[in-house]
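This is protein_39.cif (mmCIF, C-alpha atoms).
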data_data
loop_
_atom_site.label_atom_id
_atom_site.label_comp_id
_atom_site.auth_asym_id
_atom_site.auth_seq_id
_atom_site.Cartn_x
_atom_site.Cartn_y
_atom_site.Cartn_z
CA MET Q 1 -254.10 -61.23 -145.60
CA ASP Q 2 -252.12 -61.85 -148.77
CA THR Q 3 -248.35 -61.66 -148.51
CA ASP Q 4 -245.44 -62.29 -150.81
CA GLN Q 5 -244.43 -65.36 -148.83
CA PRO Q 6 -243.94 -68.56 -150.88
CA THR Q 7 -246.92 -70.85 -151.17
CA ASN Q 8 -246.93 -74.45 -150.03
CA ASP Q 9 -247.20 -75.74 -153.58
CA PRO Q 10 -244.20 -78.10 -153.97
CA HIS Q 11 -244.22 -77.61 -157.75
CA ALA Q 12 -244.14 -73.82 -157.63
CA LYS Q 13 -240.88 -72.01 -158.23
CA ARG Q 14 -239.33 -70.11 -155.36
CA TYR Q 15 -238.03 -66.58 -155.45
CA HIS Q 16 -235.46 -64.83 -153.30
CA HIS Q 17 -236.81 -62.27 -150.87
CA GLY Q 18 -236.89 -58.83 -152.46
CA ASN Q 19 -236.96 -60.13 -156.02
CA LEU Q 20 -240.70 -60.59 -156.40
CA VAL Q 21 -240.95 -58.36 -159.48
CA GLU Q 22 -238.16 -60.23 -161.24
CA ALA Q 23 -239.72 -63.56 -160.33
CA LEU Q 24 -243.11 -62.51 -161.70
CA VAL Q 25 -241.59 -61.25 -164.94
CA ALA Q 26 -239.66 -64.51 -165.36
CA ALA Q 27 -242.82 -66.50 -164.64
CA THR Q 28 -244.76 -64.46 -167.19
CA ILE Q 29 -242.20 -65.16 -169.89
CA GLU Q 30 -242.38 -68.87 -169.12
CA ILE Q 31 -246.17 -68.85 -169.40
CA ILE Q 32 -246.01 -67.08 -172.77
CA GLU Q 33 -243.42 -69.50 -174.15
CA GLU Q 34 -245.27 -72.56 -172.90
CA ARG Q 35 -248.94 -71.62 -173.40
CA GLY Q 36 -249.17 -68.32 -175.25
CA VAL Q 37 -249.77 -64.73 -174.18
CA GLU Q 38 -253.52 -65.28 -173.91
CA HIS Q 39 -252.94 -67.49 -170.86
CA VAL Q 40 -251.06 -64.83 -168.89
CA SER Q 41 -252.72 -63.44 -165.78
CA VAL Q 42 -251.37 -61.85 -162.63
CA ARG Q 43 -252.64 -64.74 -160.55
CA GLU Q 44 -251.15 -67.34 -162.87
CA ALA Q 45 -247.79 -65.57 -162.70
CA ALA Q 46 -248.04 -65.59 -158.90
CA LYS Q 47 -248.75 -69.31 -158.90
CA ARG Q 48 -245.82 -69.96 -161.21
CA ALA Q 49 -243.52 -67.80 -159.07
CA GLY Q 50 -244.61 -69.62 -155.95
CA VAL Q 51 -246.26 -66.78 -154.02
CA SER Q 52 -249.76 -66.15 -152.74
CA PRO Q 53 -252.35 -65.02 -155.34
CA GLY Q 54 -252.66 -61.52 -153.93
CA ALA Q 55 -248.96 -60.81 -153.53
CA PRO Q 56 -248.33 -59.43 -157.06
CA PHE Q 57 -251.12 -56.88 -156.91
CA ARG Q 58 -249.03 -54.47 -154.86
CA HIS Q 59 -246.77 -54.24 -157.94
CA PHE Q 60 -249.07 -55.12 -160.83
CA ARG Q 61 -252.77 -54.34 -160.64
CA SER Q 62 -253.50 -55.69 -164.10
CA LYS Q 63 -252.21 -57.97 -166.83
CA THR Q 64 -251.23 -54.88 -168.82
CA ALA Q 65 -249.06 -53.63 -165.96
CA LEU Q 66 -247.38 -57.02 -165.73
CA MET Q 67 -246.78 -57.17 -169.48
CA THR Q 68 -245.40 -53.63 -169.40
CA ALA Q 69 -242.83 -54.80 -166.87
CA VAL Q 70 -241.83 -57.56 -169.28
CA ALA Q 71 -241.49 -54.93 -172.01
CA GLU Q 72 -239.30 -52.81 -169.73
CA GLN Q 73 -237.00 -55.76 -169.21
CA ALA Q 74 -236.94 -56.30 -172.97
CA MET Q 75 -236.12 -52.64 -173.63
CA THR Q 76 -233.29 -52.69 -171.11
CA ARG Q 77 -231.80 -55.77 -172.73
CA LEU Q 78 -232.25 -54.31 -176.20
CA THR Q 79 -230.46 -51.15 -175.07
CA GLU Q 80 -227.61 -53.31 -173.77
CA ALA Q 81 -227.44 -55.19 -177.08
CA VAL Q 82 -227.29 -51.91 -179.02
CA ALA Q 83 -224.58 -50.58 -176.70
CA LEU Q 84 -222.55 -53.76 -177.16
CA ALA Q 85 -222.87 -53.51 -180.93
CA HIS Q 86 -221.74 -49.90 -180.76
CA THR Q 87 -218.72 -50.89 -178.70
CA ASN Q 88 -217.70 -53.54 -181.20
CA ALA Q 89 -218.05 -51.23 -184.22
CA ASP Q 90 -215.36 -49.13 -185.88
CA SER Q 91 -215.64 -45.98 -183.78
CA SER Q 92 -214.23 -43.82 -186.56
CA ASP Q 93 -217.03 -44.58 -189.04
CA PRO Q 94 -220.52 -43.36 -188.01
CA LEU Q 95 -222.29 -45.05 -190.92
CA ALA Q 96 -220.63 -48.36 -190.03
CA ILE Q 97 -221.77 -47.90 -186.42
CA PHE Q 98 -225.29 -47.15 -187.64
CA GLU Q 99 -225.34 -50.41 -189.61
CA THR Q 100 -223.74 -52.40 -186.78
CA ILE Q 101 -226.42 -51.21 -184.36
CA GLY Q 102 -229.03 -52.50 -186.80
CA HIS Q 103 -227.33 -55.88 -186.90
CA GLY Q 104 -227.25 -55.87 -183.09
CA TYR Q 105 -231.01 -55.24 -183.01
CA LEU Q 106 -231.62 -58.14 -185.39
CA ARG Q 107 -229.45 -60.53 -183.40
CA TRP Q 108 -231.20 -59.55 -180.17
CA ALA Q 109 -234.69 -59.97 -181.65
CA ILE Q 110 -233.98 -63.42 -183.05
CA ALA Q 111 -232.36 -64.55 -179.79
CA ASN Q 112 -235.24 -63.15 -177.70
CA PRO Q 113 -238.46 -63.69 -179.67
CA THR Q 114 -240.74 -63.55 -176.63
CA HIS Q 115 -239.32 -60.25 -175.42
CA PHE Q 116 -239.49 -58.95 -178.99
CA GLU Q 117 -243.16 -59.92 -179.25
CA ILE Q 118 -244.11 -58.14 -176.04
CA ILE Q 119 -242.12 -54.97 -176.61
CA SER Q 120 -243.53 -54.71 -180.14
CA SER Q 121 -247.20 -54.86 -179.18
CA ARG Q 122 -248.98 -51.67 -178.16
CA THR Q 123 -252.12 -53.69 -177.35
CA LEU Q 124 -250.40 -55.76 -174.65
CA ILE Q 125 -248.50 -52.99 -172.87
CA ASP Q 126 -248.97 -49.40 -171.77
CA PHE Q 127 -245.98 -47.84 -173.51
CA ASN Q 128 -246.78 -44.23 -172.67
CA SER Q 129 -247.07 -44.86 -168.94
CA SER Q 130 -243.55 -46.29 -168.73
CA GLU Q 131 -240.69 -43.84 -168.30
CA ILE Q 132 -238.23 -46.65 -169.00
CA LEU Q 133 -239.81 -47.50 -172.34
CA ARG Q 134 -240.22 -43.90 -173.45
CA ASN Q 135 -236.75 -42.75 -172.40
CA GLN Q 136 -234.78 -45.72 -173.68
CA ASN Q 137 -236.66 -45.81 -176.96
CA GLU Q 138 -235.99 -42.10 -177.45
CA ALA Q 139 -232.32 -42.60 -176.55
CA ILE Q 140 -231.93 -45.17 -179.32
CA ARG Q 141 -233.72 -42.87 -181.78
CA ARG Q 142 -231.48 -39.94 -180.83
CA GLN Q 143 -228.40 -42.13 -181.17
CA MET Q 144 -229.45 -43.03 -184.70
CA ILE Q 145 -229.96 -39.36 -185.61
CA ASP Q 146 -226.61 -38.37 -184.10
CA LEU Q 147 -224.82 -41.04 -186.11
CA LEU Q 148 -226.55 -39.99 -189.32
CA THR Q 149 -225.71 -36.35 -188.63
CA ASP Q 150 -222.06 -37.28 -188.18
CA ALA Q 151 -222.14 -39.40 -191.34
CA ARG Q 152 -223.63 -36.52 -193.35
CA GLU Q 153 -221.02 -34.09 -192.05
CA ARG Q 154 -218.32 -36.52 -193.18
CA GLY Q 155 -219.91 -36.78 -196.61
CA GLN Q 156 -220.87 -40.43 -196.20
CA ILE Q 157 -224.56 -40.27 -197.07
CA VAL Q 158 -226.75 -38.65 -199.68
CA GLY Q 159 -227.18 -35.02 -198.66
CA ASP Q 160 -230.90 -34.45 -199.29
CA LEU Q 161 -232.26 -37.34 -197.23
CA ASP Q 162 -234.68 -36.37 -194.47
CA PHE Q 163 -233.41 -37.72 -191.15
CA ASP Q 164 -236.86 -38.48 -189.74
CA ASP Q 165 -237.77 -40.47 -192.85
CA LEU Q 166 -234.42 -42.22 -192.83
CA VAL Q 167 -234.62 -43.22 -189.17
CA LEU Q 168 -238.20 -44.45 -189.64
CA GLY Q 169 -237.20 -46.42 -192.73
CA ALA Q 170 -234.24 -48.02 -190.97
CA ARG Q 171 -236.34 -48.92 -187.93
CA ALA Q 172 -239.14 -50.28 -190.09
CA LEU Q 173 -236.66 -52.40 -192.02
CA VAL Q 174 -235.03 -54.09 -189.03
CA TYR Q 175 -238.38 -54.50 -187.27
CA GLY Q 176 -239.97 -55.99 -190.38
CA LEU Q 177 -237.05 -58.33 -191.02
CA ALA Q 178 -237.11 -59.56 -187.44
CA ARG Q 179 -240.90 -60.00 -187.52
CA MET Q 180 -240.74 -61.96 -190.79
CA ALA Q 181 -237.97 -64.21 -189.51
CA ILE Q 182 -239.66 -64.94 -186.19
CA ASP Q 183 -243.03 -65.57 -187.85
CA GLY Q 184 -241.46 -67.87 -190.48
CA HIS Q 185 -242.28 -65.78 -193.55
CA PHE Q 186 -238.96 -66.04 -195.36
CA PRO Q 187 -239.68 -69.33 -197.21
CA GLU Q 188 -242.75 -67.70 -198.80
CA TRP Q 189 -240.43 -65.13 -200.38
CA ASN Q 190 -238.05 -67.75 -201.78
CA VAL Q 191 -235.30 -66.91 -199.29
CA THR Q 192 -232.81 -69.74 -199.56
CA GLU Q 193 -230.22 -68.45 -197.10
CA PRO Q 194 -230.56 -68.94 -193.33
CA SER Q 195 -232.80 -66.28 -191.82
CA SER Q 196 -229.96 -64.60 -189.95
CA GLU Q 197 -227.88 -64.27 -193.10
CA ALA Q 198 -230.79 -63.00 -195.22
CA MET Q 199 -231.66 -60.31 -192.66
CA HIS Q 200 -228.13 -59.00 -192.45
CA GLN Q 201 -227.80 -58.94 -196.23
CA ALA Q 202 -231.01 -56.91 -196.56
CA LEU Q 203 -229.81 -54.41 -193.96
CA HIS Q 204 -226.44 -54.06 -195.69
CA LEU Q 205 -228.24 -53.40 -198.98
CA PHE Q 206 -230.26 -50.62 -197.33
CA ILE Q 207 -227.12 -48.98 -195.97
CA SER Q 208 -225.41 -49.18 -199.35
CA GLN Q 209 -228.36 -47.38 -200.94
CA ILE Q 210 -228.17 -44.38 -198.60
CA ALA Q 211 -224.40 -44.10 -198.82
CA LYS Q 212 -222.97 -41.43 -201.11
CA ARG Q 213 -221.35 -43.01 -204.13
#
The structure in this file should be written as structure tokens.
Amino acid sequence: MDTDQPTNDPHAKRYHHGNLVEALVAATIEIIEERGVEHVSVREAAKRAGVSPGAPFRHFRSKTALMTAVAEQAMTRLTEAVALAHTNADSSDPLAIFETIGHGYLRWAIANPTHFEIISSRTLIDFNSSEILRNQNEAIRRQMIDLLTDARERGQIVGDLDFDDLVLGARALVYGLARMAIDGHFPEWNVTEPSSEAMHQALHLFISQIAKR
């Protein structure tokens, strides 16, 4: 009978009792970074974590379920990064907070490219089945709308902009910038500045274009 007891493989990593899910997620990330996402399997993650092959299946019955758990970890960390950016922003200026959150997203994506890759792919994960992914993603979207509403009421942004279009445009911009930087596209577009600097400049330009002059 398969259990979650450590295997006898001296090269396998050990996990602390009760932390099997965390150990499997960590093992999955290591596999992706070392060999690519195509080499991920539940059994390979179990081997890397140092447990019996059948142990993970009580938590993850498929590769998609395992990858969704990685995405949930990524979403939680992204939420924390956004919250930290919000905390460090000027709390009296909603448009400045909106921009600062975007910068926080970019910094997180560049610092966590593997997590960014997994959370971005709807072919690798089951987004709709995860309450964590749906709720935290919606919380970030609502936060963006609330900040824009506050900014409009203070006369900071152009009055006839549609909020749904604006939020989508802002999200598409930071996502696209992060994707281009991680995939190494900037040199093709004659970007001479470091990727981090170029991304933040592009975001600042976007914010300046929606601000009321």
Checklist entry - Counting only C-alpha atoms, which of Q:Lys212, Q:Glu30, Q:His200, Q:Ala23 gets nearest to Arg107 in chain Q? => result Q:His200
Checklist entry - Between Q:Arg142, Q:Arg43, Q:His59, Q:Arg154, which one has atoms that come closest to Asn19 in chain Q, using all atoms listed in the file? => result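 The closest residue to Asn19 in chain Q is Q:His59.
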Item to check | Spatial neighbours of range 61-68 of chain Q, max dist 8 Å, all atoms listed in the file, sep filter under 2 positions, as a list in words | outcome: Val25, Thr28, Val40, Ser41, Val42, Pro56, Phe57, Arg58, His59, Val70, Ala71, Glu72, Ile118, Leu124, Ile125, Asp126, Phe127 and Ser130 of chain Q
Next on the checklist: With distances taken over all atoms listed in the file, which residue among Q:Val37, Q:Leu161, Q:Asp93, Q:Glu117 lies nearest Met180 in chain Q?
Outcome noted: Q:Glu117
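Between CA of Leu24 in chain Q and CA of Gln136 in chain Q the interatomic distance comes to 22.2 Å.
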Next on the checklist: Please report the interatomic distance between CA of Ile119 in chain Q and CA of Gln73 in chain Q in Å with one decimal.
Outcome noted: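 These two atoms are separated by 9.0 Å.
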Checklist entry - Hey, what's within 10 Å of Arg152 in chain Q if we count all atoms listed in the file and toss same-chain stuff fewer than 4 positions away? As a ChimeraX atom specification, please? => result /Q:94-95,146-148,156-161,211-212
Item to check | Atomic distance CA of Leu78 in chain Q - CA of Trp108 in chain Q, expressed in Å with one decimal | outcome: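 Here the two named atoms are 6.7 Å from each other.
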Checklist entry - When distances are computed from all atoms listed in the file, which of Q:Val82, Q:Ala139, Q:Ile210, Q:Leu177 shows the smallest separation from Asp165 in chain Q? => result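 Selected residue with least distance to Asp165 in chain Q: Q:Ile210.
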Just give me the residues with any atom within 8 Å of (-235.2, -54.8, -188.5), file coordinates, counting all atoms listed in the file, written as a short mmCIF file (atom, residue, chain, number, x, y, z; two decimals) with C-alpha atoms, in the coordinates of the input.
data_model
loop_
_atom_site.label_atom_id
_atom_site.label_comp_id
_atom_site.auth_asym_id
_atom_site.auth_seq_id
_atom_site.Cartn_x
_atom_site.Cartn_y
_atom_site.Cartn_z
CA GLY Q 102 -229.03 -52.50 -186.80
CA TYR Q 105 -231.01 -55.24 -183.01
CA LEU Q 106 -231.62 -58.14 -185.39
CA ALA Q 170 -234.24 -48.02 -190.97
CA ARG Q 171 -236.34 -48.92 -187.93
CA ALA Q 172 -239.14 -50.28 -190.09
CA LEU Q 173 -236.66 -52.40 -192.02
CA VAL Q 174 -235.03 -54.09 -189.03
CA TYR Q 175 -238.38 -54.50 -187.27
CA GLY Q 176 -239.97 -55.99 -190.38
CA LEU Q 177 -237.05 -58.33 -191.02
CA ALA Q 178 -237.11 -59.56 -187.44
CA ARG Q 179 -240.90 -60.00 -187.52
CA MET Q 199 -231.66 -60.31 -192.66
CA LEU Q 203 -229.81 -54.41 -193.96
#
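Distance check against Ala151 in chain Q using only C-alpha atoms: of Q:Ser129, Q:Thr114, Q:Ser91, Q:Asn137, the minimum falls on Q:Ser91.
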Checklist entry - So which one's closest to Ala55 in chain Q, Q:Ile140, Q:Ala198, Q:Leu20, Q:Ala109? Using all atoms listed in the file, please. => result Q:Leu20
How would range 38-67 of chain Q look written as a PDB file, in the first residue's frame with N, CA and C atoms?
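part10.pdb, written as the output of this step:
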ATOM      1  N   GLU Q  38       7.498  20.117 -19.634  1.00  0.00           N
ATOM      2  CA  GLU Q  38       7.083  18.877 -20.290  1.00  0.00           C
ATOM      3  C   GLU Q  38       7.557  17.636 -19.537  1.00  0.00           C
ATOM      4  N   HIS Q  39       8.509  17.797 -18.634  1.00  0.00           N
ATOM      5  CA  HIS Q  39       9.028  16.654 -17.877  1.00  0.00           C
ATOM      6  C   HIS Q  39       8.341  16.484 -16.518  1.00  0.00           C
ATOM      7  N   VAL Q  40       7.384  17.333 -16.218  1.00  0.00           N
ATOM      8  CA  VAL Q  40       6.675  17.224 -14.949  1.00  0.00           C
ATOM      9  C   VAL Q  40       5.670  16.082 -14.996  1.00  0.00           C
ATOM     10  N   SER Q  41       5.655  15.280 -13.951  1.00  0.00           N
ATOM     11  CA  SER Q  41       4.611  14.277 -13.741  1.00  0.00           C
ATOM     12  C   SER Q  41       4.433  14.140 -12.240  1.00  0.00           C
ATOM     13  N   VAL Q  42       3.292  13.609 -11.833  1.00  0.00           N
ATOM     14  CA  VAL Q  42       3.041  13.423 -10.408  1.00  0.00           C
ATOM     15  C   VAL Q  42       4.065  12.461  -9.813  1.00  0.00           C
ATOM     16  N   ARG Q  43       4.364  11.407 -10.538  1.00  0.00           N
ATOM     17  CA  ARG Q  43       5.330  10.430 -10.028  1.00  0.00           C
ATOM     18  C   ARG Q  43       6.743  11.008  -9.949  1.00  0.00           C
ATOM     19  N   GLU Q  44       7.107  11.827 -10.922  1.00  0.00           N
ATOM     20  CA  GLU Q  44       8.438  12.433 -10.886  1.00  0.00           C
ATOM     21  C   GLU Q  44       8.543  13.410  -9.726  1.00  0.00           C
ATOM     22  N   ALA Q  45       7.470  14.133  -9.444  1.00  0.00           N
ATOM     23  CA  ALA Q  45       7.464  15.046  -8.301  1.00  0.00           C
ATOM     24  C   ALA Q  45       7.590  14.265  -6.996  1.00  0.00           C
ATOM     25  N   ALA Q  46       6.923  13.113  -6.930  1.00  0.00           N
ATOM     26  CA  ALA Q  46       7.019  12.267  -5.740  1.00  0.00           C
ATOM     27  C   ALA Q  46       8.451  11.787  -5.535  1.00  0.00           C
ATOM     28  N   LYS Q  47       9.078  11.352  -6.616  1.00  0.00           N
ATOM     29  CA  LYS Q  47      10.456  10.887  -6.538  1.00  0.00           C
ATOM     30  C   LYS Q  47      11.369  12.000  -6.057  1.00  0.00           C
ATOM     31  N   ARG Q  48      11.166  13.199  -6.598  1.00  0.00           N
ATOM     32  CA  ARG Q  48      12.003  14.337  -6.229  1.00  0.00           C
ATOM     33  C   ARG Q  48      11.776  14.731  -4.763  1.00  0.00           C
ATOM     34  N   ALA Q  49      10.531  14.609  -4.304  1.00  0.00           N
ATOM     35  CA  ALA Q  49      10.204  14.963  -2.923  1.00  0.00           C
ATOM     36  C   ALA Q  49      10.659  13.891  -1.933  1.00  0.00           C
ATOM     37  N   GLY Q  50      10.898  12.702  -2.448  1.00  0.00           N
ATOM     38  CA  GLY Q  50      11.386  11.634  -1.588  1.00  0.00           C
ATOM     39  C   GLY Q  50      10.289  10.817  -0.943  1.00  0.00           C
ATOM     40  N   VAL Q  51       9.148  10.659  -1.647  1.00  0.00           N
ATOM     41  CA  VAL Q  51       8.059   9.850  -1.107  1.00  0.00           C
ATOM     42  C   VAL Q  51       7.699   8.757  -2.107  1.00  0.00           C
ATOM     43  N   SER Q  52       6.879   7.830  -1.678  1.00  0.00           N
ATOM     44  CA  SER Q  52       6.508   6.718  -2.540  1.00  0.00           C
ATOM     45  C   SER Q  52       5.704   7.221  -3.734  1.00  0.00           C
ATOM     46  N   PRO Q  53       5.759   6.518  -4.866  1.00  0.00           N
ATOM     47  CA  PRO Q  53       5.109   6.990  -6.101  1.00  0.00           C
ATOM     48  C   PRO Q  53       3.622   7.243  -5.969  1.00  0.00           C
ATOM     49  N   GLY Q  54       2.943   6.480  -5.124  1.00  0.00           N
ATOM     50  CA  GLY Q  54       1.494   6.637  -5.015  1.00  0.00           C
ATOM     51  C   GLY Q  54       1.053   7.687  -4.015  1.00  0.00           C
ATOM     52  N   ALA Q  55       1.981   8.153  -3.186  1.00  0.00           N
ATOM     53  CA  ALA Q  55       1.606   9.082  -2.118  1.00  0.00           C
ATOM     54  C   ALA Q  55       0.930  10.356  -2.613  1.00  0.00           C
ATOM     55  N   PRO Q  56       1.400  10.988  -3.687  1.00  0.00           N
ATOM     56  CA  PRO Q  56       0.799  12.261  -4.107  1.00  0.00           C
ATOM     57  C   PRO Q  56      -0.630  12.143  -4.619  1.00  0.00           C
ATOM     58  N   PHE Q  57      -1.046  10.957  -5.027  1.00  0.00           N
ATOM     59  CA  PHE Q  57      -2.326  10.848  -5.716  1.00  0.00           C
ATOM     60  C   PHE Q  57      -3.524  11.065  -4.796  1.00  0.00           C
ATOM     61  N   ARG Q  58      -3.307  11.093  -3.494  1.00  0.00           N
ATOM     62  CA  ARG Q  58      -4.398  11.448  -2.597  1.00  0.00           C
ATOM     63  C   ARG Q  58      -4.662  12.957  -2.651  1.00  0.00           C
ATOM     64  N   HIS Q  59      -3.659  13.716  -3.112  1.00  0.00           N
ATOM     65  CA  HIS Q  59      -3.780  15.167  -3.236  1.00  0.00           C
ATOM     66  C   HIS Q  59      -3.926  15.601  -4.697  1.00  0.00           C
ATOM     67  N   PHE Q  60      -3.167  14.962  -5.575  1.00  0.00           N
ATOM     68  CA  PHE Q  60      -3.139  15.364  -6.978  1.00  0.00           C
ATOM     69  C   PHE Q  60      -3.316  14.130  -7.859  1.00  0.00           C
ATOM     70  N   ARG Q  61      -4.466  14.043  -8.511  1.00  0.00           N
ATOM     71  CA  ARG Q  61      -4.754  12.876  -9.332  1.00  0.00           C
ATOM     72  C   ARG Q  61      -4.257  13.024 -10.766  1.00  0.00           C
ATOM     73  N   SER Q  62      -3.728  14.197 -11.081  1.00  0.00           N
ATOM     74  CA  SER Q  62      -3.243  14.430 -12.435  1.00  0.00           C
ATOM     75  C   SER Q  62      -2.170  15.506 -12.421  1.00  0.00           C
ATOM     76  N   LYS Q  63      -1.449  15.591 -13.530  1.00  0.00           N
ATOM     77  CA  LYS Q  63      -0.454  16.645 -13.693  1.00  0.00           C
ATOM     78  C   LYS Q  63      -1.121  18.014 -13.631  1.00  0.00           C
ATOM     79  N   THR Q  64      -2.300  18.137 -14.216  1.00  0.00           N
ATOM     80  CA  THR Q  64      -3.007  19.420 -14.192  1.00  0.00           C
ATOM     81  C   THR Q  64      -3.316  19.857 -12.773  1.00  0.00           C
ATOM     82  N   ALA Q  65      -3.738  18.920 -11.929  1.00  0.00           N
ATOM     83  CA  ALA Q  65      -4.024  19.251 -10.534  1.00  0.00           C
ATOM     84  C   ALA Q  65      -2.768  19.718  -9.816  1.00  0.00           C
ATOM     85  N   LEU Q  66      -1.653  19.059 -10.100  1.00  0.00           N
ATOM     86  CA  LEU Q  66      -0.385  19.444  -9.490  1.00  0.00           C
ATOM     87  C   LEU Q  66       0.033  20.831  -9.959  1.00  0.00           C
ATOM     88  N   MET Q  67      -0.083  21.096 -11.248  1.00  0.00           N
ATOM     89  CA  MET Q  67       0.296  22.393 -11.786  1.00  0.00           C
ATOM     90  C   MET Q  67      -0.641  23.492 -11.279  1.00  0.00           C
TER      91      MET Q  67
END
